file run-v1.txt (compact mmCIF, C-alpha atoms and all ligand atoms)
# COMPACT_ATOMS: atom_id res chain seq x y z
CA MET B 69 3.20 28.64 -10.46
CA SER B 70 5.90 26.09 -11.18
CA SER B 71 8.37 28.89 -10.38
CA LEU B 72 7.19 29.40 -6.79
CA ALA B 73 10.22 29.08 -4.54
CA PRO B 74 10.02 26.32 -1.93
CA PHE B 75 9.09 27.36 1.61
CA LEU B 76 11.97 27.38 4.04
CA ARG B 77 11.09 24.52 6.40
CA LEU B 78 11.96 25.34 10.00
CA ARG B 79 9.77 22.89 11.90
CA ASP B 80 7.36 20.09 10.95
CA PRO B 81 4.74 18.28 13.05
CA PRO B 82 6.31 15.34 14.82
CA VAL B 83 3.65 12.78 13.89
CA GLY B 84 1.34 11.67 11.11
CA PRO B 85 2.07 10.04 7.78
CA PRO B 86 2.72 12.49 4.95
CA LEU B 87 -0.13 12.93 2.48
CA PRO B 88 0.54 11.79 -1.10
CA LEU B 89 1.30 15.23 -2.55
CA PRO B 90 2.03 15.35 -6.27
CA ALA B 91 5.69 16.19 -6.91
CA SER B 92 4.80 19.75 -8.00
CA LEU B 93 3.27 20.45 -4.56
CA ALA B 94 5.84 18.49 -2.52
CA ARG B 95 8.62 20.48 -4.19
CA VAL B 96 7.19 23.72 -2.73
CA TYR B 97 5.88 22.55 0.65
CA GLY B 98 7.81 19.43 1.59
CA PRO B 99 5.81 16.83 3.51
CA LEU B 100 2.29 17.70 4.66
CA ARG B 101 1.26 15.76 7.77
CA LEU B 102 -2.17 16.22 9.30
CA PRO B 103 -3.30 15.49 12.85
CA ALA B 104 -5.06 12.20 13.48
CA PRO B 105 -8.85 12.64 13.65
CA ARG B 106 -10.45 12.63 17.09
CA GLY B 107 -13.61 10.61 16.42
CA ARG B 108 -15.27 13.45 14.52
CA PRO B 109 -14.33 15.46 11.42
CA ARG B 110 -10.81 16.77 11.62
CA VAL B 111 -11.08 20.57 12.00
CA LEU B 112 -8.33 22.74 10.52
CA THR B 113 -8.49 26.50 10.38
CA ASN B 114 -6.52 28.90 8.25
CA PHE B 115 -6.12 32.63 8.87
CA ALA B 116 -3.79 35.47 7.95
CA SER B 117 -2.95 38.08 10.55
CA THR B 118 -0.81 41.18 10.78
CA VAL B 119 1.93 41.23 13.39
CA ASP B 120 -0.41 43.26 15.63
CA GLY B 121 -3.19 40.67 15.40
CA VAL B 122 -5.51 42.33 12.87
CA VAL B 123 -7.29 39.96 10.46
CA ALA B 124 -9.65 42.42 8.74
CA LEU B 125 -9.44 46.13 8.07
CA ASP B 126 -13.24 46.24 7.66
CA LEU B 127 -13.15 49.23 5.30
CA LYS B 128 -15.01 49.60 2.03
CA ASP B 129 -12.83 48.14 -0.73
CA HIS B 130 -10.43 46.80 1.91
CA ALA B 131 -12.51 44.08 3.52
CA GLY B 132 -10.83 40.91 2.27
CA GLY B 133 -7.72 38.98 3.21
CA ALA B 134 -5.53 40.49 0.48
CA ASP B 135 -5.02 43.67 2.53
CA ILE B 136 -3.80 41.54 5.42
CA SER B 137 -1.49 39.13 3.62
CA GLY B 138 -0.48 41.54 0.85
CA SER B 139 -1.75 38.93 -1.66
CA ASP B 140 1.34 36.96 -0.86
CA PRO B 141 1.79 34.17 -3.44
CA HIS B 142 2.87 31.59 -0.85
CA ASP B 143 -0.16 32.41 1.28
CA ARG B 144 -2.51 31.96 -1.68
CA TRP B 145 -0.76 28.73 -2.64
CA LEU B 146 -1.04 27.33 0.90
CA MET B 147 -4.72 28.29 1.11
CA GLY B 148 -5.21 26.37 -2.10
CA LEU B 149 -3.32 23.38 -0.74
CA LEU B 150 -5.42 23.24 2.44
CA ARG B 151 -8.65 23.58 0.48
CA SER B 152 -7.45 20.71 -1.65
CA VAL B 153 -7.26 18.28 1.25
CA ALA B 154 -10.65 19.34 2.68
CA ASP B 155 -14.00 17.66 2.22
CA TYR B 156 -15.68 20.90 3.31
CA VAL B 157 -14.51 24.52 3.45
CA MET B 158 -16.66 26.57 5.79
CA VAL B 159 -17.10 30.30 6.45
CA GLY B 160 -19.55 32.43 8.39
CA ALA B 161 -21.89 34.76 6.55
CA GLY B 162 -19.79 37.78 7.57
CA THR B 163 -16.85 36.42 5.60
CA LEU B 164 -19.08 35.69 2.62
CA ARG B 165 -20.38 39.27 2.74
CA SER B 166 -16.81 40.62 2.70
CA VAL B 167 -15.86 38.65 -0.43
CA PRO B 168 -19.21 37.96 -2.07
CA HIS B 169 -17.81 36.69 -5.35
CA HIS B 170 -15.42 34.18 -3.84
CA LEU B 171 -15.49 30.42 -4.28
CA TRP B 172 -13.74 28.41 -1.56
CA THR B 173 -11.70 26.17 -3.84
CA GLY B 174 -7.98 25.81 -4.41
CA GLU B 175 -8.44 26.66 -8.05
CA HIS B 176 -10.17 29.94 -7.24
CA ILE B 177 -7.53 31.25 -4.83
CA CYS B 178 -4.52 29.96 -6.76
CA PRO B 179 -5.45 29.13 -10.35
CA GLU B 180 -1.79 28.63 -11.26
CA ALA B 181 -1.70 25.40 -9.22
CA ALA B 182 -5.17 24.15 -10.19
CA GLY B 183 -3.89 21.03 -12.00
CA SER B 184 -1.78 19.94 -9.03
CA TYR B 185 -4.64 20.52 -6.60
CA ARG B 186 -6.95 18.42 -8.79
CA ALA B 187 -4.37 15.61 -8.87
CA LEU B 188 -4.08 15.72 -5.09
CA ARG B 189 -7.84 15.53 -4.57
CA SER B 190 -8.04 12.65 -6.97
CA SER B 191 -5.31 10.69 -5.15
CA LEU B 192 -7.12 11.34 -1.84
CA ARG B 193 -10.38 10.12 -3.49
CA LEU B 194 -12.05 13.45 -2.81
CA SER B 195 -14.69 15.05 -5.02
CA PRO B 196 -13.21 17.53 -7.52
CA GLN B 197 -14.06 20.50 -5.27
CA PRO B 198 -14.77 20.78 -1.54
CA VAL B 199 -18.34 21.44 -0.47
CA ASN B 200 -18.61 25.14 0.41
CA VAL B 201 -20.44 25.55 3.72
CA ILE B 202 -21.91 28.89 4.81
CA VAL B 203 -23.07 29.41 8.40
CA THR B 204 -25.71 32.06 9.02
CA ALA B 205 -28.07 32.62 11.94
CA ARG B 206 -30.40 35.01 10.13
CA GLY B 207 -30.41 33.29 6.76
CA ASP B 208 -29.95 36.63 5.06
CA VAL B 209 -27.66 35.55 2.24
CA ASP B 210 -27.96 36.27 -1.44
CA LEU B 211 -28.57 32.98 -3.23
CA HIS B 212 -27.53 34.55 -6.53
CA LEU B 213 -23.88 34.77 -5.44
CA PRO B 214 -21.40 32.52 -7.29
CA VAL B 215 -20.93 30.20 -4.29
CA PHE B 216 -24.59 29.25 -4.69
CA ALA B 217 -25.40 29.89 -8.33
CA SER B 218 -22.26 29.31 -10.42
CA GLY B 219 -22.65 25.52 -10.46
CA LYS B 220 -18.88 25.22 -9.86
CA VAL B 221 -19.24 23.99 -6.27
CA ARG B 222 -21.83 22.21 -4.19
CA SER B 223 -22.85 24.46 -1.32
CA LEU B 224 -24.53 23.93 1.98
CA VAL B 225 -26.14 26.62 4.11
CA LEU B 226 -26.36 25.76 7.80
CA THR B 227 -28.74 28.03 9.62
CA THR B 228 -31.32 28.35 12.38
CA PRO B 229 -34.92 27.25 11.88
CA ALA B 230 -35.85 30.94 11.39
CA GLY B 231 -33.05 31.37 8.86
CA ALA B 232 -34.20 28.27 6.99
CA ARG B 233 -37.74 29.65 6.79
CA ARG B 234 -36.40 32.92 5.44
CA LEU B 235 -34.35 31.11 2.80
CA ALA B 236 -37.24 28.81 1.85
CA ALA B 237 -39.04 31.90 0.61
CA ARG B 238 -36.25 32.40 -1.94
CA LYS B 239 -35.72 29.70 -4.52
CA ALA B 240 -32.37 27.99 -3.94
CA PRO B 241 -30.41 26.92 -7.03
CA PRO B 242 -30.03 23.14 -7.51
CA TYR B 243 -26.49 22.86 -6.09
CA VAL B 244 -27.52 24.46 -2.79
CA GLN B 245 -28.79 22.62 0.25
CA VAL B 246 -30.23 24.58 3.17
CA LEU B 247 -30.25 22.74 6.51
CA PRO B 248 -31.75 24.01 9.77
CA VAL B 249 -29.53 23.09 12.72
CA GLY B 250 -30.67 23.07 16.36
CA ARG B 251 -33.48 25.13 17.82
CA GLY B 252 -31.86 28.33 19.03
CA ASP B 253 -30.79 31.58 17.46
CA ARG B 254 -27.11 30.50 17.10
CA LEU B 255 -25.61 27.25 15.91
CA ARG B 256 -23.42 25.27 18.24
CA ALA B 257 -20.14 24.17 16.71
CA ARG B 258 -20.76 20.55 17.63
CA SER B 259 -24.17 20.63 15.94
CA ILE B 260 -22.51 22.11 12.86
CA LEU B 261 -20.11 19.16 12.70
CA GLN B 262 -22.96 16.70 13.16
CA ALA B 263 -24.96 18.33 10.37
CA LEU B 264 -22.25 17.92 7.73
CA PRO B 265 -23.39 15.31 5.23
CA PRO B 266 -21.14 12.25 5.44
CA THR B 267 -18.43 12.00 2.81
CA ARG B 268 -16.04 9.40 4.28
CA PRO B 269 -15.26 8.03 7.76
CA THR B 270 -12.82 10.77 8.75
CA PRO B 271 -13.58 13.87 6.72
CA THR B 272 -11.63 17.11 7.00
CA LEU B 273 -13.31 20.44 7.59
CA LEU B 274 -11.33 23.56 6.79
CA LEU B 275 -12.73 26.54 8.70
CA GLU B 276 -11.65 29.76 6.99
CA GLY B 277 -13.34 32.22 9.26
CA GLY B 278 -14.30 34.53 10.23
CA PRO B 279 -13.30 35.52 13.75
CA HIS B 280 -16.80 35.01 15.22
CA LEU B 281 -17.24 31.51 13.85
CA LEU B 282 -13.68 30.62 14.86
CA GLY B 283 -14.44 31.85 18.40
CA ASP B 284 -17.43 29.52 18.59
CA PHE B 285 -15.39 26.51 17.46
CA LEU B 286 -12.56 27.31 19.88
CA SER B 287 -14.97 27.78 22.77
CA GLU B 288 -16.27 24.22 22.26
CA GLY B 289 -12.76 22.80 21.95
CA LEU B 290 -13.37 21.79 18.35
CA VAL B 291 -10.33 23.21 16.58
CA ASP B 292 -7.55 20.69 15.98
CA GLU B 293 -5.10 22.92 14.25
CA LEU B 294 -4.63 26.56 13.28
CA PHE B 295 -2.62 27.42 10.18
CA LEU B 296 -1.66 31.05 10.72
CA THR B 297 0.06 33.24 8.16
CA LEU B 298 1.85 36.06 9.93
CA ALA B 299 2.19 38.97 7.51
CA PRO B 300 5.02 41.42 8.14
CA GLN B 301 2.85 44.49 8.57
CA ILE B 302 1.38 46.47 11.45
CA ALA B 303 -2.16 47.68 10.79
CA GLY B 304 -2.74 49.71 13.95
CA ARG B 305 -5.95 50.69 15.71
CA ASP B 306 -7.44 53.85 17.14
CA PRO B 307 -10.58 54.49 19.18
CA GLY B 308 -12.57 55.30 16.03
CA THR B 309 -11.55 52.20 14.08
CA HIS B 310 -12.79 48.77 14.96
CA ARG B 311 -10.52 46.16 13.47
CA LEU B 312 -11.21 42.49 13.93
CA GLY B 313 -8.72 40.27 15.71
CA LEU B 314 -8.29 36.55 15.11
CA VAL B 315 -11.11 35.75 17.57
CA GLU B 316 -14.18 37.87 18.23
CA GLY B 317 -17.17 37.36 20.49
CA ARG B 318 -15.42 35.03 22.97
CA THR B 319 -12.80 35.48 25.65
CA PHE B 320 -10.55 32.74 26.98
CA ALA B 321 -7.68 34.18 29.02
CA PRO B 322 -7.17 34.52 31.89
CA GLY B 323 -10.03 32.31 33.11
CA HIS B 324 -9.78 29.62 30.45
CA PRO B 325 -6.62 30.28 28.46
CA LEU B 326 -6.21 28.29 25.28
CA TRP B 327 -2.63 27.18 24.96
CA GLY B 328 -1.55 25.54 21.74
CA ARG B 329 1.59 23.78 20.64
CA LEU B 330 3.71 25.25 17.88
CA TRP B 331 3.73 22.38 15.42
CA GLY B 332 5.05 23.88 12.26
CA ILE B 333 7.06 26.84 11.03
CA ARG B 334 7.73 27.72 7.44
CA GLN B 335 9.04 30.94 5.99
CA ALA B 336 8.79 32.51 2.57
CA GLY B 337 10.30 35.96 2.20
CA ASP B 338 9.17 38.01 5.20
CA HIS B 339 6.01 35.97 5.84
CA LEU B 340 5.84 33.25 8.47
CA PHE B 341 3.54 30.24 8.11
CA LEU B 342 2.79 28.85 11.55
CA ARG B 343 0.86 25.79 12.66
CA TYR B 344 -0.60 25.51 16.14
CA ARG B 345 -2.06 22.27 17.47
CA PHE B 346 -4.79 22.54 20.12
CA PRO B 347 -5.34 19.75 22.62
CA PRO B 348 -8.82 18.32 23.23
CA PRO B 349 -10.66 20.17 26.04
CA SER B 350 -10.21 17.32 28.53
CA SER B 351 -6.44 17.92 28.56
CA GLY B 352 -6.98 21.12 30.60
CA PRO B 353 -5.07 24.36 30.17
CA ARG B 354 -1.32 24.31 29.63
CA LYS B 355 0.74 26.82 31.53
CA GLY B 356 3.18 27.55 28.74
CA ASN B 357 5.57 26.11 26.23
N1 LIG B 401 -7.55 37.40 7.68
C1 LIG B 401 -8.21 36.26 7.58
O1 LIG B 401 -7.61 35.20 7.52
C2 LIG B 401 -9.71 36.27 7.55
C3 LIG B 401 -10.39 35.05 7.47
C4 LIG B 401 -11.78 35.08 7.45
C5 LIG B 401 -12.46 36.29 7.53
N2 LIG B 401 -11.76 37.44 7.61
C6 LIG B 401 -12.46 38.72 7.67
O2 LIG B 401 -13.32 38.74 8.79
C7 LIG B 401 -14.39 39.64 8.51
C8 LIG B 401 -15.71 38.99 8.92
O3 LIG B 401 -15.66 38.72 10.30
P1 LIG B 401 -16.86 38.06 11.11
O4 LIG B 401 -16.34 37.65 12.43
O5 LIG B 401 -18.06 38.92 11.05
O6 LIG B 401 -17.08 36.79 10.21
P2 LIG B 401 -17.90 35.47 10.32
O7 LIG B 401 -17.66 34.73 11.57
O8 LIG B 401 -17.61 34.83 9.02
O9 LIG B 401 -19.38 36.00 10.23
C9 LIG B 401 -20.20 36.29 11.32
C10 LIG B 401 -21.58 35.91 10.85
O10 LIG B 401 -21.60 34.52 10.51
C11 LIG B 401 -22.72 33.91 11.05
N3 LIG B 401 -22.29 33.08 12.16
C12 LIG B 401 -21.04 32.95 12.69
N4 LIG B 401 -21.05 32.06 13.69
C13 LIG B 401 -22.31 31.61 13.79
C14 LIG B 401 -22.96 30.66 14.64
N5 LIG B 401 -22.30 29.98 15.59
N6 LIG B 401 -24.29 30.44 14.47
C15 LIG B 401 -24.98 31.10 13.51
N7 LIG B 401 -24.42 32.01 12.68
C16 LIG B 401 -23.11 32.25 12.83
C17 LIG B 401 -23.65 35.03 11.46
O11 LIG B 401 -24.31 35.36 10.25
P3 LIG B 401 -25.70 36.15 10.09
O12 LIG B 401 -25.36 37.57 10.39
O13 LIG B 401 -26.07 35.94 8.66
O14 LIG B 401 -26.68 35.56 11.02
C18 LIG B 401 -22.67 36.09 11.90
O15 LIG B 401 -23.20 37.39 11.87
C19 LIG B 401 -14.33 39.95 7.05
O16 LIG B 401 -13.84 41.26 6.86
C20 LIG B 401 -13.36 38.94 6.49
O17 LIG B 401 -12.65 39.38 5.38
C21 LIG B 401 -10.40 37.45 7.63
call {"tool": "encode", "arguments": {"input": "run-v1.txt", "output": "structure tokens", "more": "lines below"}}
Ligand SMILES: NC(=O)c1ccc[n+]([C@@H]2O[C@H](COP(=O)([O-])OP(=O)(O)OC[C@H]3O[C@@H](n4cnc5c(N)ncnc54)[C@H](OP(=O)(O)O)[C@@H]3O)[C@@H](O)[C@H]2O)c1
result
Amino acid sequence: MSSLAPFLRLRDPPVGPPLPLPASLARVYGPLRLPAPRGRPRVLTNFASTVDGVVALDLKDHAGGADISGSDPHDRWLMGLLRSVADYVMVGAGTLRSVPHHLWTGEHICPEAAGSYRALRSSLRLSPQPVNVIVTARGDVDLHLPVFASGKVRSLVLTTPAGARRLAARKAPPYVQVLPVGRGDRLRARSILQALPPTRPTPTLLLEGGPHLLGDFLSEGLVDELFLTLAPQIAGRDPGTHRLGLVEGRTFAPGHPLWGRLWGIRQAGDHLFLRYRFPPPSSGPRKGN
């Protein structure tokens, strides 16, 4: 992917030292600055959405992100870049079920840039691949899927006590750790963060979905930044078609609106690559930009 055209840089975050990107990555992205951690793992999220706010078509053979982003090469490259600065990449079981053969690594989503991603992880003193974290309440996941059984990534299943009992009945491959979290039938986002095995003092968690898990993290004020790819298509909805939006299962506005700050804008072709920073909950709601 050495031929990938650089993003057009329209706005960059105002603070934070740039990460030591290898020249091959810096040529495409420019400087990558990340928010300072807030006394817990830094939580970044990355989604692609249509202009009308659809993130999943939820149709057989059209369940993954490619139908939303159009398999845009800059989107794949940026997903790979973000995975390459993460200690952990996390998804809910619904996302795993929609792309069961996926591995949440830079190399998997953008093999063309694999060497540069490896160099970046090495200069950040990160393990060769991020730990892949799957969140499930029921524990009904297939431990033969590549994320668990390929041996290419270490994976961690965070689940309820009932889910852990269900999974204990199936033999987990050696690279998989199953951890019960809390006592209830859902996992709280804060408990999820606390359950992550320590890697370094300020690790980075990249939350890649889906909309239900994102809703839970937002509702506890635990999302630092949203990387949002806006794809230039309109998916549409009708009464017979349920299509997922960016957040599901939680409502914020008008009672508790979540206002972010627009921290970054990049453009490649007709796609926009936006970054929104969210303040800690104690800052209270903002009325606008
Ligand atoms: N466009 C994008 O950028 C993007 C990104 C990600 C996903 N998606 C799409 O979104 C769709 C899936 O949406 P979704 O909202 O169902 O995905 P999801 O949030 O990944 O999955 C929901 C499932 O994850 C588990 N889960 C989530 N939060 C939990 C919590 N707090 N505690 C315990 N378990 C929790 C539960 O699993 P169990 O049912 O096993 O208990 C729940 O049923 C897919 O079609 C996927 O392709 C799109």
call {"tool": "closest_residue", "arguments": {"input": "run-v1.txt", "among": "B:Pro271, B:Ser71, B:Glu175, B:Ser218", "to": "B:Ala154", "atoms": "only C-alpha atoms"}}
result
B:Pro271
call {"tool": "closest_residue", "arguments": {"input": "run-v1.txt", "among": "B:Ala131, B:Ala232, B:Leu164, B:Leu171", "to": "B:Pro198", "atoms": "only C-alpha atoms"}}
result
B:Leu171
call {"tool": "closest_atom_pairs", "arguments": {"input": "run-v1.txt", "of": "chain B", "to": "ligand LIG 401 (chain B)", "cutoff": "6 Å", "atoms": "only C-alpha atoms and all ligand atoms", "output": "CSV"}}
result
residue,atom,partner,partner_atom,distance
B:Phe115,CA,B:LIG401,O1,3.3
B:Ala116,CA,B:LIG401,O1,3.9
B:Ser117,CA,B:LIG401,N1,5.5
B:Val123,CA,B:LIG401,N1,3.8
B:Ala124,CA,B:LIG401,O16,4.7
B:Asp126,CA,B:LIG401,O16,5.1
B:Ala131,CA,B:LIG401,O16,4.6
B:Gly132,CA,B:LIG401,O17,3.9
B:Gly133,CA,B:LIG401,N1,4.7
B:Val159,CA,B:LIG401,O8,5.2
B:Gly160,CA,B:LIG401,O8,3.1
B:Ala161,CA,B:LIG401,O10,4.0
B:Gly162,CA,B:LIG401,O9,3.2
B:Thr163,CA,B:LIG401,O8,3.8
B:Ser166,CA,B:LIG401,C19,5.1
B:Val203,CA,B:LIG401,N7,5.2
B:Thr204,CA,B:LIG401,O11,3.8
B:Ala205,CA,B:LIG401,O14,3.4
B:Arg206,CA,B:LIG401,O14,3.9
B:Gly207,CA,B:LIG401,O13,5.4
B:Asp208,CA,B:LIG401,O13,5.3
B:Arg254,CA,B:LIG401,N6,3.9
B:Leu255,CA,B:LIG401,N6,3.7
B:Arg256,CA,B:LIG401,N5,5.5
B:Glu276,CA,B:LIG401,C4,5.3
B:Gly277,CA,B:LIG401,C4,3.7
B:Gly278,CA,B:LIG401,O8,3.5
B:Pro279,CA,B:LIG401,O4,3.9
B:His280,CA,B:LIG401,O7,3.8
B:Leu281,CA,B:LIG401,N4,3.9
B:Asp284,CA,B:LIG401,N5,5.7
call {"tool": "write_last_selection", "arguments": {"input": "run-v1.txt", "atoms": "C-alpha atoms", "output": "mmCIF file, keeping the file's coordinate frame"}}
result
data_model
loop_
_atom_site.group_PDB
_atom_site.id
_atom_site.type_symbol
_atom_site.label_atom_id
_atom_site.label_comp_id
_atom_site.auth_asym_id
_atom_site.auth_seq_id
_atom_site.Cartn_x
_atom_site.Cartn_y
_atom_site.Cartn_z
ATOM 1 C CA PHE B 115 -6.120 32.630 8.870
ATOM 2 C CA ALA B 116 -3.790 35.470 7.950
ATOM 3 C CA SER B 117 -2.950 38.080 10.550
ATOM 4 C CA VAL B 123 -7.290 39.960 10.460
ATOM 5 C CA ALA B 124 -9.650 42.420 8.740
ATOM 6 C CA ASP B 126 -13.240 46.240 7.660
ATOM 7 C CA ALA B 131 -12.510 44.080 3.520
ATOM 8 C CA GLY B 132 -10.830 40.910 2.270
ATOM 9 C CA GLY B 133 -7.720 38.980 3.210
ATOM 10 C CA VAL B 159 -17.100 30.300 6.450
ATOM 11 C CA GLY B 160 -19.550 32.430 8.390
ATOM 12 C CA ALA B 161 -21.890 34.760 6.550
ATOM 13 C CA GLY B 162 -19.790 37.780 7.570
ATOM 14 C CA THR B 163 -16.850 36.420 5.600
ATOM 15 C CA SER B 166 -16.810 40.620 2.700
ATOM 16 C CA VAL B 203 -23.070 29.410 8.400
ATOM 17 C CA THR B 204 -25.710 32.060 9.020
ATOM 18 C CA ALA B 205 -28.070 32.620 11.940
ATOM 19 C CA ARG B 206 -30.400 35.010 10.130
ATOM 20 C CA GLY B 207 -30.410 33.290 6.760
ATOM 21 C CA ASP B 208 -29.950 36.630 5.060
ATOM 22 C CA ARG B 254 -27.110 30.500 17.100
ATOM 23 C CA LEU B 255 -25.610 27.250 15.910
ATOM 24 C CA ARG B 256 -23.420 25.270 18.240
ATOM 25 C CA GLU B 276 -11.650 29.760 6.990
ATOM 26 C CA GLY B 277 -13.340 32.220 9.260
ATOM 27 C CA GLY B 278 -14.300 34.530 10.230
ATOM 28 C CA PRO B 279 -13.300 35.520 13.750
ATOM 29 C CA HIS B 280 -16.800 35.010 15.220
ATOM 30 C CA LEU B 281 -17.240 31.510 13.850
ATOM 31 C CA ASP B 284 -17.430 29.520 18.590
#
call {"tool": "closest_residue", "arguments": {"input": "run-v1.txt", "among": "B:Asp129, B:Ser152, B:Ser191, B:Ala94", "to": "B:Thr173", "atoms": "only C-alpha atoms"}}
result
B:Ser152
call {"tool": "residues_around", "arguments": {"input": "run-v1.txt", "residues": "stretch 291-302 of chain B", "least_positions_apart": "3", "cutoff": "7 Å", "atoms": "all atoms listed in the file", "output": "list in words"}}
result
Arg110, Val111, Leu112, Thr113, Asn114, Phe115, Ala116, Ser117, Thr118, Val119, Asp120, Ile136, Ser137, Asp143, Phe285, Leu286, Asp338, His339, Leu340, Phe341, Leu342, Arg343, Tyr344, Arg345 and Phe346 of chain B
call {"tool": "write_last_selection", "arguments": {"input": "run-v1.txt", "atoms": "C-alpha atoms", "output": "compact mmCIF listing (two decimals), in the coordinates of the input"}}
result
# COMPACT_ATOMS: atom_id res chain seq x y z
CA ARG B 110 -10.81 16.77 11.62
CA VAL B 111 -11.08 20.57 12.00
CA LEU B 112 -8.33 22.74 10.52
CA THR B 113 -8.49 26.50 10.38
CA ASN B 114 -6.52 28.90 8.25
CA PHE B 115 -6.12 32.63 8.87
CA ALA B 116 -3.79 35.47 7.95
CA SER B 117 -2.95 38.08 10.55
CA THR B 118 -0.81 41.18 10.78
CA VAL B 119 1.93 41.23 13.39
CA ASP B 120 -0.41 43.26 15.63
CA ILE B 136 -3.80 41.54 5.42
CA SER B 137 -1.49 39.13 3.62
CA ASP B 143 -0.16 32.41 1.28
CA PHE B 285 -15.39 26.51 17.46
CA LEU B 286 -12.56 27.31 19.88
CA ASP B 338 9.17 38.01 5.20
CA HIS B 339 6.01 35.97 5.84
CA LEU B 340 5.84 33.25 8.47
CA PHE B 341 3.54 30.24 8.11
CA LEU B 342 2.79 28.85 11.55
CA ARG B 343 0.86 25.79 12.66
CA TYR B 344 -0.60 25.51 16.14
CA ARG B 345 -2.06 22.27 17.47
CA PHE B 346 -4.79 22.54 20.12
call {"tool": "build_atoms", "arguments": {"input": "run-v1.txt", "residues": "stretch 303-319 of chain B", "atoms": "N, CA and C atoms", "output": "PDB file, in the frame of the given file"}}
result
ATOM      1  N   ALA B 303      -0.992  46.962  11.299  1.00  0.00           N
ATOM      2  CA  ALA B 303      -2.160  47.680  10.790  1.00  0.00           C
ATOM      3  C   ALA B 303      -2.546  48.849  11.694  1.00  0.00           C
ATOM      4  N   GLY B 304      -2.391  48.654  13.000  1.00  0.00           N
ATOM      5  CA  GLY B 304      -2.740  49.710  13.950  1.00  0.00           C
ATOM      6  C   GLY B 304      -4.235  49.782  14.230  1.00  0.00           C
ATOM      7  N   ARG B 305      -4.551  50.476  15.306  1.00  0.00           N
ATOM      8  CA  ARG B 305      -5.950  50.690  15.710  1.00  0.00           C
ATOM      9  C   ARG B 305      -6.024  52.054  16.368  1.00  0.00           C
ATOM     10  N   ASP B 306      -7.205  52.660  16.318  1.00  0.00           N
ATOM     11  CA  ASP B 306      -7.440  53.850  17.140  1.00  0.00           C
ATOM     12  C   ASP B 306      -8.875  53.767  17.640  1.00  0.00           C
ATOM     13  N   PRO B 307      -9.253  54.649  18.567  1.00  0.00           N
ATOM     14  CA  PRO B 307     -10.580  54.490  19.180  1.00  0.00           C
ATOM     15  C   PRO B 307     -11.721  54.548  18.156  1.00  0.00           C
ATOM     16  N   GLY B 308     -11.491  55.184  17.014  1.00  0.00           N
ATOM     17  CA  GLY B 308     -12.570  55.300  16.030  1.00  0.00           C
ATOM     18  C   GLY B 308     -12.583  54.172  15.006  1.00  0.00           C
ATOM     19  N   THR B 309     -11.633  53.265  15.102  1.00  0.00           N
ATOM     20  CA  THR B 309     -11.550  52.200  14.080  1.00  0.00           C
ATOM     21  C   THR B 309     -11.654  50.853  14.763  1.00  0.00           C
ATOM     22  N   HIS B 310     -12.707  50.127  14.418  1.00  0.00           N
ATOM     23  CA  HIS B 310     -12.790  48.770  14.960  1.00  0.00           C
ATOM     24  C   HIS B 310     -12.180  47.818  13.950  1.00  0.00           C
ATOM     25  N   ARG B 311     -11.156  47.129  14.352  1.00  0.00           N
ATOM     26  CA  ARG B 311     -10.520  46.160  13.470  1.00  0.00           C
ATOM     27  C   ARG B 311     -10.575  44.799  14.122  1.00  0.00           C
ATOM     28  N   LEU B 312     -11.003  43.811  13.343  1.00  0.00           N
ATOM     29  CA  LEU B 312     -11.210  42.490  13.930  1.00  0.00           C
ATOM     30  C   LEU B 312      -9.893  41.799  14.217  1.00  0.00           C
ATOM     31  N   GLY B 313      -9.836  41.141  15.381  1.00  0.00           N
ATOM     32  CA  GLY B 313      -8.720  40.270  15.710  1.00  0.00           C
ATOM     33  C   GLY B 313      -9.041  38.848  15.281  1.00  0.00           C
ATOM     34  N   LEU B 314      -8.114  37.943  15.539  1.00  0.00           N
ATOM     35  CA  LEU B 314      -8.290  36.550  15.110  1.00  0.00           C
ATOM     36  C   LEU B 314      -9.579  35.952  15.670  1.00  0.00           C
ATOM     37  N   VAL B 315      -9.894  36.272  16.928  1.00  0.00           N
ATOM     38  CA  VAL B 315     -11.110  35.750  17.570  1.00  0.00           C
ATOM     39  C   VAL B 315     -11.947  36.920  18.040  1.00  0.00           C
ATOM     40  N   GLU B 316     -13.243  36.848  17.761  1.00  0.00           N
ATOM     41  CA  GLU B 316     -14.180  37.870  18.230  1.00  0.00           C
ATOM     42  C   GLU B 316     -15.360  37.178  18.901  1.00  0.00           C
ATOM     43  N   GLY B 317     -15.942  37.860  19.870  1.00  0.00           N
ATOM     44  CA  GLY B 317     -17.170  37.360  20.490  1.00  0.00           C
ATOM     45  C   GLY B 317     -16.957  36.376  21.624  1.00  0.00           C
ATOM     46  N   ARG B 318     -15.733  35.990  21.890  1.00  0.00           N
ATOM     47  CA  ARG B 318     -15.420  35.030  22.970  1.00  0.00           C
ATOM     48  C   ARG B 318     -14.146  35.478  23.646  1.00  0.00           C
ATOM     49  N   THR B 319     -14.071  35.260  24.972  1.00  0.00           N
ATOM     50  CA  THR B 319     -12.800  35.480  25.650  1.00  0.00           C
ATOM     51  C   THR B 319     -12.377  34.181  26.329  1.00  0.00           C
TER      52      THR B 319
END
